[in-house]
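Dumped start16.pdb below, it's PDB, C-alpha atoms:
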```pdb
ATOM      1  CA  MET V  10      79.847-129.643-166.980  1.00  0.00           C
ATOM      2  CA  LEU V  11      76.735-131.680-166.230  1.00  0.00           C
ATOM      3  CA  GLY V  12      76.467-132.659-169.887  1.00  0.00           C
ATOM      4  CA  THR V  13      80.009-134.011-169.847  1.00  0.00           C
ATOM      5  CA  ILE V  14      79.333-136.060-166.730  1.00  0.00           C
ATOM      6  CA  LEU V  15      76.151-137.522-168.250  1.00  0.00           C
ATOM      7  CA  TYR V  16      78.019-138.291-171.468  1.00  0.00           C
ATOM      8  CA  ILE V  17      80.783-140.151-169.610  1.00  0.00           C
ATOM      9  CA  LEU V  18      78.236-142.057-167.495  1.00  0.00           C
ATOM     10  CA  GLY V  19      76.410-143.012-170.703  1.00  0.00           C
ATOM     11  CA  ILE V  20      79.599-144.400-172.204  1.00  0.00           C
ATOM     12  CA  VAL V  21      80.361-146.361-169.036  1.00  0.00           C
ATOM     13  CA  ALA V  22      76.823-147.778-168.956  1.00  0.00           C
ATOM     14  CA  ALA V  23      76.981-148.744-172.638  1.00  0.00           C
ATOM     15  CA  VAL V  24      80.351-150.468-172.222  1.00  0.00           C
ATOM     16  CA  TRP V  25      79.027-152.344-169.170  1.00  0.00           C
ATOM     17  CA  CYS V  26      76.076-153.554-171.272  1.00  0.00           C
ATOM     18  CA  VAL V  27      78.348-154.719-174.085  1.00  0.00           C
ATOM     19  CA  ILE V  28      80.513-156.671-171.648  1.00  0.00           C
ATOM     20  CA  ASP V  29      77.379-158.211-170.137  1.00  0.00           C
ATOM     21  CA  ILE V  30      76.055-159.119-173.604  1.00  0.00           C
ATOM     22  CA  PHE V  31      79.236-160.989-174.526  1.00  0.00           C
ATOM     23  CA  LYS V  32      79.242-162.943-171.251  1.00  0.00           C
ATOM     24  CA  HIS V  33      76.003-164.763-172.115  1.00  0.00           C
ATOM     25  CA  ASP V  34      76.521-168.117-173.812  1.00  0.00           C
ATOM     26  CA  LYS V  35      72.885-168.552-174.851  1.00  0.00           C
ATOM     27  CA  LEU V  36      73.021-165.823-177.491  1.00  0.00           C
ATOM     28  CA  GLN V  37      74.192-166.419-181.025  1.00  0.00           C
ATOM     29  CA  PRO V  38      77.319-164.458-182.066  1.00  0.00           C
ATOM     30  CA  LEU V  39      75.490-162.410-184.705  1.00  0.00           C
ATOM     31  CA  TYR V  40      72.810-161.418-182.194  1.00  0.00           C
ATOM     32  CA  LYS V  41      75.529-160.399-179.719  1.00  0.00           C
ATOM     33  CA  VAL V  42      77.219-158.157-182.268  1.00  0.00           C
ATOM     34  CA  LEU V  43      73.973-156.535-183.415  1.00  0.00           C
ATOM     35  CA  LEU V  44      72.823-155.954-179.851  1.00  0.00           C
ATOM     36  CA  ALA V  45      76.206-154.478-178.899  1.00  0.00           C
ATOM     37  CA  ILE V  46      76.128-152.101-181.880  1.00  0.00           C
ATOM     38  CA  ALA V  47      72.603-150.999-180.974  1.00  0.00           C
ATOM     39  CA  VAL V  48      73.541-150.349-177.344  1.00  0.00           C
ATOM     40  CA  LEU V  49      76.640-148.375-178.308  1.00  0.00           C
ATOM     41  CA  ALA V  50      74.804-146.379-180.979  1.00  0.00           C
ATOM     42  CA  PHE V  51      71.949-145.331-178.705  1.00  0.00           C
ATOM     43  CA  SER V  52      73.910-144.946-175.449  1.00  0.00           C
ATOM     44  CA  TRP V  53      71.277-144.139-172.761  1.00  0.00           C
ATOM     45  CA  VAL V  54      68.286-145.459-174.702  1.00  0.00           C
ATOM     46  CA  GLY V  55      70.179-148.623-175.614  1.00  0.00           C
ATOM     47  CA  PHE V  56      71.217-149.076-171.993  1.00  0.00           C
ATOM     48  CA  ALA V  57      67.641-148.652-170.745  1.00  0.00           C
ATOM     49  CA  VAL V  58      66.173-151.044-173.317  1.00  0.00           C
ATOM     50  CA  TYR V  59      68.819-153.664-172.631  1.00  0.00           C
ATOM     51  CA  TYR V  60      68.677-153.378-168.852  1.00  0.00           C
ATOM     52  CA  PHE V  61      64.897-153.292-168.437  1.00  0.00           C
ATOM     53  CA  LEU V  62      63.680-155.441-171.343  1.00  0.00           C
ATOM     54  CA  ILE V  63      66.349-157.746-172.726  1.00  0.00           C
ATOM     55  CA  ARG V  64      68.600-158.579-169.766  1.00  0.00           C
ATOM     56  CA  ASN V  65      65.884-160.423-167.852  1.00  0.00           C
ATOM     57  CA  LYS V  66      64.938-162.600-170.840  1.00  0.00           C
ATOM     58  CA  ILE V  67      68.396-164.031-171.537  1.00  0.00           C
TER      59      ILE V  67
END
```
Can you dump the structure from the file as structure tokens?
Amino acid sequence: MLGTILYILGIVAAVWCVIDIFKHDKLQPLYKVLLAIAVLAFSWVGFAVYYFLIRNKI
């Protein structure tokens, strides 16, 4: 039960990151696609890296 909830929250967080990535106009399209694939592939880790390291720099 807890695993399912964490899985769903991970998907929601990853989708939120992808939406946030595509909102930025400063990024090149290829970089947006690669970053979105990385975030979706590594759900929680991708979310943490994006939120704490990348989001503040763009």
Problem - Close residues, Phe51 (chain V) itself excluded, 12 Å, only C-alpha atoms, min 3 positions apart in chain, as a PyMOL selection string - result: chain V and resi 16+19-20+22-24+26+44-48+54-59
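Among V:Arg64, V:Asp34, V:Leu39, V:Val27, the residue with the shortest atom-to-atom distance to Ser52 (chain V), counting all atoms listed in the file, is V:Val27.
Taking CA of Phe61 (chain V) as the reference point, CA of Met10 (chain V) is found at 28.0 Å.
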Could the centre and edge lengths of an axis-aligned box, enclosing all atoms of region 17-28 of chain V in the file with 8 Å extra on each side, be given in Å to one decimal as AutoDock Vina command-line options?
```
--center_x 78.4 --center_y -148.4 --center_z -170.8 --size_x 20.7 --size_y 32.5 --size_z 22.6
```
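Here the PyMOL selection byres ((chain V and resi 65-67) around 12) catches exactly these residues: V:Asp29, V:Ile30, V:Phe31, V:Lys32, V:His33, V:Asp34, V:Lys35, V:Leu36, V:Gln37, V:Tyr40, V:Lys41, V:Val58, V:Tyr59, V:Tyr60, V:Phe61, V:Leu62, V:Ile63, V:Arg64.
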